[in-house]
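J.: Sharing final_13.cif below, mmCIF, C-alpha atoms and all ligand atoms:
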data_upload
#
loop_
_atom_site.group_PDB
_atom_site.id
_atom_site.type_symbol
_atom_site.label_atom_id
_atom_site.label_comp_id
_atom_site.auth_asym_id
_atom_site.auth_seq_id
_atom_site.Cartn_x
_atom_site.Cartn_y
_atom_site.Cartn_z
ATOM 1 C CA MET A 1 111.795 119.109 67.697
ATOM 2 C CA ARG A 2 111.502 120.022 71.319
ATOM 3 C CA LEU A 3 108.057 119.685 72.871
ATOM 4 C CA GLU A 4 106.794 122.030 75.504
ATOM 5 C CA LEU A 5 103.765 120.884 77.492
ATOM 6 C CA LYS A 6 101.520 123.313 79.400
ATOM 7 C CA PRO A 7 98.618 122.193 81.626
ATOM 8 C CA LEU A 8 95.191 123.123 80.245
ATOM 9 C CA SER A 9 93.475 122.781 83.610
ATOM 10 C CA PRO A 10 94.162 121.375 87.096
ATOM 11 C CA HIS A 11 92.219 118.225 86.153
ATOM 12 C CA LEU A 12 93.209 117.088 82.667
ATOM 13 C CA GLY A 13 94.737 118.145 79.373
ATOM 14 C CA LEU A 14 98.010 119.555 78.062
ATOM 15 C CA GLU A 15 98.756 122.160 75.424
ATOM 16 C CA VAL A 16 101.555 121.026 73.105
ATOM 17 C CA VAL A 17 103.863 123.795 71.915
ATOM 18 C CA GLY A 18 106.856 123.593 69.602
ATOM 19 C CA VAL A 19 105.790 120.904 67.120
ATOM 20 C CA ASP A 20 106.015 121.741 63.425
ATOM 21 C CA LEU A 21 103.150 119.792 61.876
ATOM 22 C CA SER A 22 103.801 121.190 58.405
ATOM 23 C CA ARG A 23 106.376 118.452 57.810
ATOM 24 C CA PRO A 24 106.593 114.754 58.728
ATOM 25 C CA ILE A 25 106.762 114.029 62.464
ATOM 26 C CA ASP A 26 109.903 112.195 63.554
ATOM 27 C CA GLU A 27 109.814 109.123 65.793
ATOM 28 C CA PRO A 28 110.944 110.719 69.106
ATOM 29 C CA THR A 29 108.393 113.535 68.692
ATOM 30 C CA ARG A 30 105.663 111.061 67.866
ATOM 31 C CA ASP A 31 106.506 109.036 70.997
ATOM 32 C CA ALA A 32 106.538 112.181 73.142
ATOM 33 C CA ILE A 33 103.098 113.241 71.820
ATOM 34 C CA LEU A 34 101.665 109.762 72.466
ATOM 35 C CA ASP A 35 103.121 109.679 75.973
ATOM 36 C CA ALA A 36 101.624 113.099 76.773
ATOM 37 C CA TRP A 37 98.251 111.954 75.413
ATOM 38 C CA ILE A 38 98.186 108.862 77.639
ATOM 39 C CA ARG A 39 99.166 110.953 80.652
ATOM 40 C CA ALA A 40 96.812 113.893 80.067
ATOM 41 C CA GLY A 41 93.831 112.438 78.138
ATOM 42 C CA VAL A 42 93.450 115.603 76.030
ATOM 43 C CA LEU A 43 96.030 117.508 73.949
ATOM 44 C CA LEU A 44 95.623 120.963 72.397
ATOM 45 C CA PHE A 45 97.618 122.123 69.352
ATOM 46 C CA ARG A 46 96.681 125.799 69.243
ATOM 47 C CA GLY A 47 96.077 127.288 65.782
ATOM 48 C CA ALA A 48 97.937 124.408 64.143
ATOM 49 C CA GLY A 49 95.200 122.846 61.969
ATOM 50 C CA THR A 50 95.768 124.950 58.873
ATOM 51 C CA SER A 51 95.162 122.205 56.277
ATOM 52 C CA ASP A 52 93.637 118.742 55.793
ATOM 53 C CA GLU A 53 97.181 117.427 55.436
ATOM 54 C CA VAL A 54 98.213 118.687 58.886
ATOM 55 C CA HIS A 55 94.978 117.433 60.458
ATOM 56 C CA MET A 56 95.486 113.948 59.036
ATOM 57 C CA ARG A 57 99.209 113.897 59.812
ATOM 58 C CA LEU A 58 98.525 114.607 63.470
ATOM 59 C CA SER A 59 95.675 112.055 63.546
ATOM 60 C CA ALA A 60 97.988 109.335 62.222
ATOM 61 C CA VAL A 61 100.156 109.725 65.351
ATOM 62 C CA PHE A 62 97.364 108.193 67.439
ATOM 63 C CA GLY A 63 96.441 105.285 65.157
ATOM 64 C CA GLU A 64 94.721 104.378 61.943
ATOM 65 C CA MET A 65 91.804 106.602 60.894
ATOM 66 C CA GLU A 66 88.327 105.333 60.036
ATOM 67 C CA PRO A 67 85.257 107.107 58.590
ATOM 68 C CA ALA A 68 82.791 108.143 61.330
ATOM 69 C CA ALA A 69 79.778 105.836 61.829
ATOM 70 C CA THR A 70 77.329 108.659 60.973
ATOM 71 C CA ALA A 71 78.452 108.357 57.351
ATOM 72 C CA ASP A 72 76.341 111.178 55.884
ATOM 73 C CA MET A 73 78.334 113.677 57.973
ATOM 74 C CA ASN A 74 81.621 112.640 56.376
ATOM 75 C CA ARG A 75 83.027 114.899 53.669
ATOM 76 C CA PRO A 76 82.246 113.523 50.179
ATOM 77 C CA ASP A 77 85.799 114.176 48.956
ATOM 78 C CA ASN A 78 87.455 112.727 52.085
ATOM 79 C CA PRO A 79 85.411 110.296 54.222
ATOM 80 C CA TYR A 80 87.958 110.495 57.068
ATOM 81 C CA LEU A 81 86.917 114.092 57.754
ATOM 82 C CA MET A 82 83.534 114.482 59.431
ATOM 83 C CA THR A 83 81.972 117.947 59.283
ATOM 84 C CA LEU A 84 80.273 119.414 62.346
ATOM 85 C CA ALA A 85 78.745 122.719 61.320
ATOM 86 C CA TYR A 86 75.955 125.130 62.078
ATOM 87 C CA ASP A 87 75.036 127.925 59.690
ATOM 88 C CA PRO A 88 72.082 130.232 60.503
ATOM 89 C CA GLU A 89 71.607 130.828 56.752
ATOM 90 C CA ASP A 90 71.196 127.123 55.980
ATOM 91 C CA ARG A 91 67.559 126.572 54.962
ATOM 92 C CA ALA A 92 67.856 122.770 54.943
ATOM 93 C CA PRO A 93 69.987 122.044 58.006
ATOM 94 C CA ARG A 94 70.914 118.530 58.965
ATOM 95 C CA PHE A 95 69.772 119.169 62.535
ATOM 96 C CA ALA A 96 66.799 121.549 62.724
ATOM 97 C CA GLN A 97 66.165 120.757 66.367
ATOM 98 C CA HIS A 98 67.810 123.024 68.888
ATOM 99 C CA TYR A 99 67.912 123.113 72.666
ATOM 100 C CA GLU A 100 67.106 125.809 75.201
ATOM 101 C CA LEU A 101 69.252 125.927 78.325
ATOM 102 C CA ASP A 102 69.921 128.776 80.776
ATOM 103 C CA GLY A 103 67.610 131.005 78.707
ATOM 104 C CA ILE A 104 69.695 130.563 75.518
ATOM 105 C CA VAL A 105 68.461 128.673 72.480
ATOM 106 C CA ARG A 106 71.482 126.823 71.066
ATOM 107 C CA ALA A 107 72.460 124.859 67.984
ATOM 108 C CA GLY A 108 74.906 122.000 68.359
ATOM 109 C CA TRP A 109 74.364 121.336 72.064
ATOM 110 C CA LEU A 110 75.554 117.863 73.110
ATOM 111 C CA GLY A 111 75.440 116.214 76.509
ATOM 112 C CA TRP A 112 78.365 114.331 78.060
ATOM 113 C CA HIS A 113 79.351 111.264 76.060
ATOM 114 C CA TRP A 114 82.177 109.299 74.552
ATOM 115 C CA ASP A 115 82.100 108.938 70.796
ATOM 116 C CA GLN A 116 80.151 106.135 69.165
ATOM 117 C CA SER A 117 78.992 104.621 72.447
ATOM 118 C CA PHE A 118 76.035 103.338 70.418
ATOM 119 C CA MET A 119 78.458 101.057 68.531
ATOM 120 C CA PRO A 120 80.062 97.890 69.983
ATOM 121 C CA THR A 121 83.528 99.181 69.081
ATOM 122 C CA ILE A 122 85.040 101.889 71.282
ATOM 123 C CA VAL A 123 86.933 104.144 68.894
ATOM 124 C CA ARG A 124 90.380 105.090 70.180
ATOM 125 C CA GLY A 125 90.033 108.824 69.897
ATOM 126 C CA ALA A 126 89.267 111.774 67.687
ATOM 127 C CA VAL A 127 91.018 114.925 66.511
ATOM 128 C CA LEU A 128 88.704 117.936 66.265
ATOM 129 C CA CYS A 129 89.870 120.903 64.199
ATOM 130 C CA MET A 130 88.034 124.242 64.466
ATOM 131 C CA LYS A 131 87.822 125.777 60.999
ATOM 132 C CA GLU A 132 85.422 128.597 61.901
ATOM 133 C CA PRO A 133 85.000 129.255 65.629
ATOM 134 C CA SER A 134 81.740 130.780 66.796
ATOM 135 C CA PRO A 135 82.012 134.432 67.844
ATOM 136 C CA GLU A 136 80.027 133.491 70.968
ATOM 137 C CA MET A 137 80.044 130.322 73.105
ATOM 138 C CA GLY A 138 80.759 127.042 71.261
ATOM 139 C CA GLU A 139 83.018 125.619 73.980
ATOM 140 C CA THR A 140 83.754 121.889 74.132
ATOM 141 C CA GLY A 141 84.024 120.308 77.585
ATOM 142 C CA PHE A 142 86.192 117.356 78.648
ATOM 143 C CA ILE A 143 86.131 115.229 81.824
ATOM 144 C CA ASP A 144 88.578 112.507 82.844
ATOM 145 C CA ALA A 145 86.693 109.286 83.616
ATOM 146 C CA VAL A 146 89.725 107.775 85.396
ATOM 147 C CA ALA A 147 89.565 110.586 87.962
ATOM 148 C CA ALA A 148 85.770 110.133 88.078
ATOM 149 C CA TYR A 149 86.249 106.462 88.984
ATOM 150 C CA ASP A 150 88.596 107.544 91.769
ATOM 151 C CA ARG A 151 85.881 109.875 93.109
ATOM 152 C CA LEU A 152 83.536 106.921 93.688
ATOM 153 C CA SER A 153 83.233 105.530 97.201
ATOM 154 C CA PRO A 154 84.572 102.009 97.898
ATOM 155 C CA GLU A 155 80.924 100.856 98.108
ATOM 156 C CA GLN A 156 80.104 102.365 94.705
ATOM 157 C CA LYS A 157 83.214 100.785 93.143
ATOM 158 C CA ALA A 158 82.255 97.362 94.478
ATOM 159 C CA ARG A 159 78.655 97.827 93.371
ATOM 160 C CA ILE A 160 79.473 98.550 89.688
ATOM 161 C CA GLU A 161 82.234 95.993 89.128
ATOM 162 C CA GLY A 162 81.100 93.585 86.403
ATOM 163 C CA LEU A 163 77.938 95.531 85.477
ATOM 164 C CA GLU A 164 77.104 96.287 81.839
ATOM 165 C CA VAL A 165 75.140 99.142 80.269
ATOM 166 C CA VAL A 166 72.889 99.002 77.208
ATOM 167 C CA TYR A 167 73.316 101.937 74.784
ATOM 168 C CA GLU A 168 71.077 103.079 71.975
ATOM 169 C CA PHE A 169 71.391 105.986 69.548
ATOM 170 C CA ASN A 170 68.690 108.646 69.755
ATOM 171 C CA PRO A 171 68.998 111.861 67.732
ATOM 172 C CA ASP A 172 66.747 113.728 70.199
ATOM 173 C CA MET A 173 69.267 114.854 72.810
ATOM 174 C CA ALA A 174 66.524 116.104 75.140
ATOM 175 C CA SER A 175 65.389 112.495 75.534
ATOM 176 C CA GLY A 176 68.510 111.588 77.486
ATOM 177 C CA GLN A 177 67.731 110.729 81.051
ATOM 178 C CA PHE A 178 71.109 110.596 82.751
ATOM 179 C CA GLY A 179 73.505 113.389 83.556
ATOM 180 C CA PHE A 180 71.472 115.974 81.640
ATOM 181 C CA PRO A 181 70.476 119.393 82.981
ATOM 182 C CA PRO A 182 66.841 118.835 84.069
ATOM 183 C CA GLU A 183 65.813 122.211 82.657
ATOM 184 C CA ILE A 184 66.900 121.481 79.074
ATOM 185 C CA ARG A 185 64.136 121.849 76.469
ATOM 186 C CA ALA A 186 63.983 120.826 72.816
ATOM 187 C CA TYR A 187 63.321 123.857 70.609
ATOM 188 C CA ARG A 188 62.185 123.858 67.000
ATOM 189 C CA PRO A 189 61.718 127.268 65.340
ATOM 190 C CA ALA A 190 58.187 127.974 64.093
ATOM 191 C CA ASP A 191 59.566 128.567 60.570
ATOM 192 C CA ALA A 192 61.776 125.459 60.627
ATOM 193 C CA PRO A 193 61.821 123.566 57.345
ATOM 194 C CA PRO A 194 60.268 120.099 57.287
ATOM 195 C CA ARG A 195 62.278 117.522 59.190
ATOM 196 C CA SER A 196 65.260 116.378 57.186
ATOM 197 C CA GLU A 197 67.241 114.656 59.932
ATOM 198 C CA LYS A 198 68.702 111.394 58.832
ATOM 199 C CA THR A 199 67.587 108.277 60.600
ATOM 200 C CA TYR A 200 70.141 105.655 61.498
ATOM 201 C CA ASP A 201 69.938 101.977 62.216
ATOM 202 C CA PHE A 202 72.193 101.430 65.216
ATOM 203 C CA PRO A 203 70.975 98.317 67.084
ATOM 204 C CA PRO A 204 71.364 98.397 70.906
ATOM 205 C CA CYS A 205 74.824 97.489 72.136
ATOM 206 C CA VAL A 206 76.403 96.685 75.494
ATOM 207 C CA HIS A 207 79.527 98.031 77.226
ATOM 208 C CA PRO A 208 80.961 97.360 80.698
ATOM 209 C CA LEU A 209 80.665 100.118 83.304
ATOM 210 C CA VAL A 210 84.314 99.739 84.267
ATOM 211 C CA ILE A 211 87.324 99.191 82.025
ATOM 212 C CA THR A 212 91.035 99.355 82.770
ATOM 213 C CA GLN A 213 93.436 101.763 81.110
ATOM 214 C CA ARG A 214 95.866 99.499 79.308
ATOM 215 C CA GLU A 215 99.005 101.584 79.808
ATOM 216 C CA THR A 216 98.555 102.424 83.493
ATOM 217 C CA GLY A 217 96.233 99.790 84.961
ATOM 218 C CA ARG A 218 93.946 102.536 86.257
ATOM 219 C CA LYS A 219 90.200 101.974 86.153
ATOM 220 C CA VAL A 220 87.822 104.084 84.051
ATOM 221 C CA LEU A 221 84.153 104.857 84.875
ATOM 222 C CA LYS A 222 83.145 103.914 81.343
ATOM 223 C CA LEU A 223 79.705 105.513 81.191
ATOM 224 C CA SER A 224 78.445 107.578 78.236
ATOM 225 C CA PRO A 225 75.364 109.229 79.734
ATOM 226 C CA MET A 226 73.950 110.635 76.478
ATOM 227 C CA HIS A 227 73.158 107.244 74.940
ATOM 228 C CA ALA A 228 72.954 105.031 78.068
ATOM 229 C CA ARG A 229 69.543 103.389 78.463
ATOM 230 C CA TYR A 230 69.723 100.840 81.282
ATOM 231 C CA ILE A 231 71.952 98.459 83.223
ATOM 232 C CA LEU A 232 71.637 94.921 81.999
ATOM 233 C CA GLY A 233 69.823 92.643 84.436
ATOM 234 C CA LEU A 234 68.550 95.317 86.853
ATOM 235 C CA GLU A 235 64.954 96.423 87.447
ATOM 236 C CA LYS A 236 64.246 99.744 85.743
ATOM 237 C CA ALA A 237 63.912 101.743 88.969
ATOM 238 C CA GLU A 238 67.170 100.358 90.352
ATOM 239 C CA SER A 239 68.958 100.861 87.033
ATOM 240 C CA ASP A 240 67.702 104.463 86.684
ATOM 241 C CA ALA A 241 68.769 105.278 90.238
ATOM 242 C CA LEU A 242 72.265 103.843 89.798
ATOM 243 C CA LEU A 243 72.850 105.497 86.392
ATOM 244 C CA ASN A 244 71.686 108.844 87.809
ATOM 245 C CA GLU A 245 74.028 108.456 90.754
ATOM 246 C CA LEU A 246 77.020 107.559 88.568
ATOM 247 C CA ALA A 247 76.278 110.281 85.992
ATOM 248 C CA GLY A 248 76.167 112.742 88.887
ATOM 249 C CA VAL A 249 79.708 111.801 89.902
ATOM 250 C CA LEU A 250 81.033 111.656 86.336
ATOM 251 C CA CYS A 251 79.384 114.741 84.782
ATOM 252 C CA ASP A 252 80.584 117.208 87.387
ATOM 253 C CA ASP A 253 81.602 120.497 85.753
ATOM 254 C CA ARG A 254 83.949 121.277 88.630
ATOM 255 C CA TYR A 255 86.348 118.684 87.212
ATOM 256 C CA ALA A 256 85.911 119.657 83.551
ATOM 257 C CA TYR A 257 88.049 121.606 81.141
ATOM 258 C CA PHE A 258 86.003 123.730 78.711
ATOM 259 C CA HIS A 259 87.950 124.843 75.651
ATOM 260 C CA SER A 260 87.157 128.206 74.043
ATOM 261 C CA TRP A 261 88.125 127.614 70.441
ATOM 262 C CA GLY A 262 90.392 129.730 68.303
ATOM 263 C CA ARG A 263 90.649 129.339 64.529
ATOM 264 C CA ASP A 264 92.510 126.143 63.495
ATOM 265 C CA ASP A 265 92.856 124.850 67.061
ATOM 266 C CA MET A 266 93.128 121.069 67.096
ATOM 267 C CA ILE A 267 92.214 118.933 70.106
ATOM 268 C CA VAL A 268 92.696 115.197 70.384
ATOM 269 C CA TRP A 269 91.013 113.240 73.153
ATOM 270 C CA ASP A 270 91.459 109.697 74.397
ATOM 271 C CA ASN A 271 87.986 108.270 73.817
ATOM 272 C CA TRP A 272 88.697 105.264 76.049
ATOM 273 C CA ARG A 273 89.189 107.534 79.001
ATOM 274 C CA VAL A 274 87.638 111.001 78.465
ATOM 275 C CA ILE A 275 84.027 112.112 77.992
ATOM 276 C CA HIS A 276 83.151 115.335 76.201
ATOM 277 C CA SER A 277 80.215 117.695 75.661
ATOM 278 C CA ALA A 278 79.357 120.746 73.541
ATOM 279 C CA LYS A 279 77.766 123.919 74.869
ATOM 280 C CA GLY A 280 76.366 124.822 71.448
ATOM 281 C CA VAL A 281 76.112 128.258 69.879
ATOM 282 C CA PRO A 282 73.361 130.933 69.868
ATOM 283 C CA LEU A 283 71.221 130.586 66.745
ATOM 284 C CA HIS A 284 72.684 133.667 65.024
ATOM 285 C CA CYS A 285 76.277 132.326 65.230
ATOM 286 C CA ARG A 286 78.039 130.279 62.556
ATOM 287 C CA ARG A 287 80.514 127.546 63.449
ATOM 288 C CA ARG A 288 82.339 124.832 61.502
ATOM 289 C CA ALA A 289 84.658 122.101 62.685
ATOM 290 C CA GLU A 290 86.019 118.895 61.191
ATOM 291 C CA ARG A 291 86.843 115.702 63.029
ATOM 292 C CA THR A 292 88.882 112.603 62.286
ATOM 293 C CA THR A 293 88.117 109.321 64.051
ATOM 294 C CA ILE A 294 90.907 107.060 65.293
ATOM 295 C CA MET A 295 90.162 103.366 64.978
ATOM 296 C CA GLY A 296 90.308 101.140 68.036
ATOM 297 C CA ASP A 297 88.558 98.584 70.160
ATOM 298 C CA TYR A 298 88.934 97.706 73.806
ATOM 299 C CA LYS A 299 87.421 94.331 72.908
ATOM 300 C CA VAL A 300 84.729 94.756 75.531
ATOM 301 C CA GLY A 301 81.647 95.940 73.619
ATOM 302 C CA ARG A 302 79.079 93.797 71.829
ATOM 303 C CA TYR A 303 75.629 93.942 70.287
ATOM 304 C CA LEU A 304 72.762 93.132 72.645
ATOM 305 C CA ASP A 305 71.470 90.695 70.043
ATOM 306 C CA PRO A 306 73.933 87.762 69.888
ATOM 307 C CA GLU A 307 72.881 87.055 66.282
ATOM 308 C CA LEU A 308 74.228 90.446 65.213
ATOM 309 C CA ASP A 309 77.331 90.092 67.306
ATOM 310 C CA ARG A 310 78.274 86.790 65.736
ATOM 311 C CA ASP A 311 78.479 88.421 62.303
ATOM 312 C CA ARG A 312 80.366 91.467 63.465
ATOM 313 C CA LYS A 313 83.479 92.324 61.542
ATOM 314 C CA VAL A 314 85.714 94.547 63.618
ATOM 315 C CA LYS A 315 89.389 95.192 63.487
ATOM 316 C CA ARG A 316 90.525 94.749 67.068
ATOM 317 C CA ILE A 317 93.775 96.388 68.070
ATOM 318 C CA VAL A 318 93.851 95.408 71.750
ATOM 319 C CA ASP A 319 94.202 91.820 72.855
HETATM 320 FE FE FE A 401 81.363 113.508 70.392
#
For this file, write the structure as structure tokens.
T.:
Amino acid sequence: MRLELKPLSPHLGLEVVGVDLSRPIDEPTRDAILDAWIRAGVLLFRGAGTSDEVHMRLSAVFGEMEPAATADMNRPDNPYLMTLAYDPEDRAPRFAQHYELDGIVRAGWLGWHWDQSFMPTIVRGAVLCMKEPSPEMGETGFIDAVAAYDRLSPEQKARIEGLEVVYEFNPDMASGQFGFPPEIRAYRPADAPPRSEKTYDFPPCVHPLVITQRETGRKVLKLSPMHARYILGLEKAESDALLNELAGVLCDDRYAYFHSWGRDDMIVWDNWRVIHSAKGVPLHCRRRAERTTIMGDYKVGRYLDPELDRDRKVKRIVD
């Protein structure tokens, strides 16, 4: 196979053309895909995700798969495939809370984050496959946190070296304080069914603000604004001010790539290096995607409570 790589944006991402995913991927092709992924952070395989088999075959290029931590979203017949869907006809939706932004009430809106930042293990990546694109909106945004680190001033870089951030899961996205549009509002329709959102028990965990990209030695501004709560050891006012400042540098749409999905598009992102967000869809639009999760650990996260951390069983793939 001969790969062709086309830039997705001036800032990050490559589209991969010329790979036949309907049959096993040979070693040189696999190596070329991995190399492109490390270089670009995000890869697009346009219209290629035509079956579970193809989706899982591509995922296996990037590492071993694991079921997503939000287990009730995983498909009952295949726990490695997590369903992300919105259906206006669904009378008992998993998420009945929506968000209003720029005058549009949206389902599925998500602020900038890296996946499972509320867990001590940083998953390696994810492959999202768009089964039913929304006829309107529904874009997913990506930002390179290596380039974001490079945008910091020398003073900011020195200031954050060695700092750690406490993360906690909160299903109410409008409660996020950092890097969010200030005008966002939670919206619950008057005829919404009784709350059926699952509750999760994700104890607070801690991640460093700066990590190093293993393959290149470049530094990453490792902040996931959606679930960040505070910087360990700082007064609240100082912590809030610094997290706001850093989220402002990181979550800058001018450096983002927003993908407008076509049917069966597959995108894989490097979760150690790239943050992502979802613009959501207007409430009359249906959308369904499935995601695999690639196992991994940068060996830098931990639970805030040392008791919990001592008992943690994690497969670590980076020494
Ligand atoms: Fe995500």
J.: To one decimal place in Å, what is the distance between CA of Leu250 in chain A and CA of Pro182 in chain A?
T.: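 CA of Pro182 in chain A lies at a distance of 16.1 Å from CA of Leu250 in chain A.
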J.: When you count only C-alpha atoms and all ligand atoms, which of these residues is closest to ligand FE 401 (chain A): A:Ala148, A:Ala126, A:Ala107, A:Leu163?
T.: A:Ala126
J.: Give me the result of the PyMOL selection byres (((chain A and resi 49-61) around 9) and not hetatm) on this file, residue by residue, as a ChimeraX atom specification.
T.: /A:21-25,30-31,33-34,45-48,62-65,80-81,126-131,263-266,268,291-294
J.: Since we have the selection now, will you write its residues out, keeping C-alpha atoms, as a PDB file, in the frame of the given file?
T.:
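Here's the written file again_25.pdb:
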ATOM      1  CA  LEU A  21     103.150 119.792  61.876  1.00  0.00           C
ATOM      2  CA  SER A  22     103.801 121.190  58.405  1.00  0.00           C
ATOM      3  CA  ARG A  23     106.376 118.452  57.810  1.00  0.00           C
ATOM      4  CA  PRO A  24     106.593 114.754  58.728  1.00  0.00           C
ATOM      5  CA  ILE A  25     106.762 114.029  62.464  1.00  0.00           C
ATOM      6  CA  ARG A  30     105.663 111.061  67.866  1.00  0.00           C
ATOM      7  CA  ASP A  31     106.506 109.036  70.997  1.00  0.00           C
ATOM      8  CA  ILE A  33     103.098 113.241  71.820  1.00  0.00           C
ATOM      9  CA  LEU A  34     101.665 109.762  72.466  1.00  0.00           C
ATOM     10  CA  PHE A  45      97.618 122.123  69.352  1.00  0.00           C
ATOM     11  CA  ARG A  46      96.681 125.799  69.243  1.00  0.00           C
ATOM     12  CA  GLY A  47      96.077 127.288  65.782  1.00  0.00           C
ATOM     13  CA  ALA A  48      97.937 124.408  64.143  1.00  0.00           C
ATOM     14  CA  PHE A  62      97.364 108.193  67.439  1.00  0.00           C
ATOM     15  CA  GLY A  63      96.441 105.285  65.157  1.00  0.00           C
ATOM     16  CA  GLU A  64      94.721 104.378  61.943  1.00  0.00           C
ATOM     17  CA  MET A  65      91.804 106.602  60.894  1.00  0.00           C
ATOM     18  CA  TYR A  80      87.958 110.495  57.068  1.00  0.00           C
ATOM     19  CA  LEU A  81      86.917 114.092  57.754  1.00  0.00           C
ATOM     20  CA  ALA A 126      89.267 111.774  67.687  1.00  0.00           C
ATOM     21  CA  VAL A 127      91.018 114.925  66.511  1.00  0.00           C
ATOM     22  CA  LEU A 128      88.704 117.936  66.265  1.00  0.00           C
ATOM     23  CA  CYS A 129      89.870 120.903  64.199  1.00  0.00           C
ATOM     24  CA  MET A 130      88.034 124.242  64.466  1.00  0.00           C
ATOM     25  CA  LYS A 131      87.822 125.777  60.999  1.00  0.00           C
ATOM     26  CA  ARG A 263      90.649 129.339  64.529  1.00  0.00           C
ATOM     27  CA  ASP A 264      92.510 126.143  63.495  1.00  0.00           C
ATOM     28  CA  ASP A 265      92.856 124.850  67.061  1.00  0.00           C
ATOM     29  CA  MET A 266      93.128 121.069  67.096  1.00  0.00           C
ATOM     30  CA  VAL A 268      92.696 115.197  70.384  1.00  0.00           C
ATOM     31  CA  ARG A 291      86.843 115.702  63.029  1.00  0.00           C
ATOM     32  CA  THR A 292      88.882 112.603  62.286  1.00  0.00           C
ATOM     33  CA  THR A 293      88.117 109.321  64.051  1.00  0.00           C
ATOM     34  CA  ILE A 294      90.907 107.060  65.293  1.00  0.00           C
TER      35      ILE A 294
END
J.: Counting only C-alpha atoms and all ligand atoms, what residues are within 7 Å of ligand FE 401 (chain A), given as a list in words?
T.: His113, Trp114, Asp115, His276 and Ser277 of chain A
J.: Go through A:Asp72, A:Asp253, A:Asp309, A:Asp77 and flag the residue nearest Tyr200 in chain A, using all atoms listed in the file for the distances.
T.: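 Distance minimum relative to Tyr200 in chain A lands on A:Asp72.
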J.: Could you list the residues chosen by the PyMOL selection byres (((chain A and resi 201-214) around 6) and not hetatm) in this structure as a list of chain:residue names?
T.: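 Matching residues under the PyMOL selection byres (((chain A and resi 201-214) around 6) and not hetatm) are A:Pro120, A:Leu163, A:Glu164, A:Val165, A:Val166, A:Tyr167, A:Glu168, A:Tyr200, A:Glu215, A:Thr216, A:Gly217, A:Arg218, A:Lys219, A:Val220, A:Leu221, A:Lys222, A:Leu223, A:Gly301, A:Arg302, A:Tyr303, A:Leu304.
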J.: From the list A:Val249, A:Arg2, A:Ala96, A:Leu43, which residue is nearest Pro28 in chain A when using all atoms listed in the file?
T.: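 Of the candidates, the smallest distance to Pro28 in chain A is held by A:Arg2.
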J.: With only C-alpha atoms as the counted atoms, please give the residues lying no more than 6 Å from Val123 in chain A, apart from itself and same-chain residues fewer than 4 positions off, as a VMD selection string.
T.: chain A and resid 295 to 297
J.: Check which residues satisfy the PyMOL selection byres (((chain A and resi 240-248) around 7) and not hetatm) in the file shown, then give them as a list in words.
T.: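 Listing what the PyMOL selection byres (((chain A and resi 240-248) around 7) and not hetatm) selects in the shown file: Phe178, Gly179, Pro225, Tyr230, Lys236, Ala237, Glu238, Ser239, Val249, Leu250, Cys251 and Asp252 of chain A.
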J.: Just the number, please: distance in Å from CA of Arg254 in chain A to CA of Val42 in chain A, one decimal.
T.: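 CA of Val42 in chain A lies 16.8 Å from CA of Arg254 in chain A.
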J.: Can you work out which one of A:Glu155, A:Asp144, A:Glu66, A:Asp172 has the shortest atom-to-atom distance to Thr121 in chain A, counting all atoms listed in the file?
T.: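 Residue with the minimum atom-to-atom distance to Thr121 in chain A: A:Glu66.
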J.: In Å, rounded to a single decimal, give me how far CA of Pro135 in chain A is from CA of Glu89 in chain A.
T.: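 Interatomic distance here is 15.6 Å.
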J.: Skipping near chain neighbours, those fewer than 2 positions away, what residues fall within 12 Å of Ser175 in chain A using all atoms listed in the file, listed as a PyMOL selection string?
T.: chain A and resi 99+110-111+168-173+177-182+184-186+225-229
J.: Store the residues picked out above, limited to C-alpha atoms, as a compact mmCIF listing (two decimals), in the frame of the given file.
T.:
# COMPACT_ATOMS: atom_id res chain seq x y z
CA TYR A 99 67.91 123.11 72.67
CA LEU A 110 75.55 117.86 73.11
CA GLY A 111 75.44 116.21 76.51
CA GLU A 168 71.08 103.08 71.97
CA PHE A 169 71.39 105.99 69.55
CA ASN A 170 68.69 108.65 69.76
CA PRO A 171 69.00 111.86 67.73
CA ASP A 172 66.75 113.73 70.20
CA MET A 173 69.27 114.85 72.81
CA GLN A 177 67.73 110.73 81.05
CA PHE A 178 71.11 110.60 82.75
CA GLY A 179 73.50 113.39 83.56
CA PHE A 180 71.47 115.97 81.64
CA PRO A 181 70.48 119.39 82.98
CA PRO A 182 66.84 118.84 84.07
CA ILE A 184 66.90 121.48 79.07
CA ARG A 185 64.14 121.85 76.47
CA ALA A 186 63.98 120.83 72.82
CA PRO A 225 75.36 109.23 79.73
CA MET A 226 73.95 110.64 76.48
CA HIS A 227 73.16 107.24 74.94
CA ALA A 228 72.95 105.03 78.07
CA ARG A 229 69.54 103.39 78.46
J.: So which one's closest to Thr140 in chain A, A:Gly280, A:Pro306, A:Pro67, A:Gly13? Using only C-alpha atoms, please.
T.: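 Using only C-alpha atoms, Thr140 in chain A sits closest to A:Gly280.
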J.: Residues within 8 Å of Cys285 in chain A, please, as a list in words. Count all atoms listed in the file; anything in the same chain fewer than 3 positions from it doesn't count.
T.: Tyr86, Asp87, Pro88, Ser134, Pro135, Glu136, Val281 and Pro282 of chain A
J.: Taking into account all atoms listed in the file, which residue in the set A:Asn78, A:Tyr187, A:Asp20, A:Arg124 is nearest to Ala174 in chain A?
T.: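 The closest residue to Ala174 in chain A is A:Tyr187.
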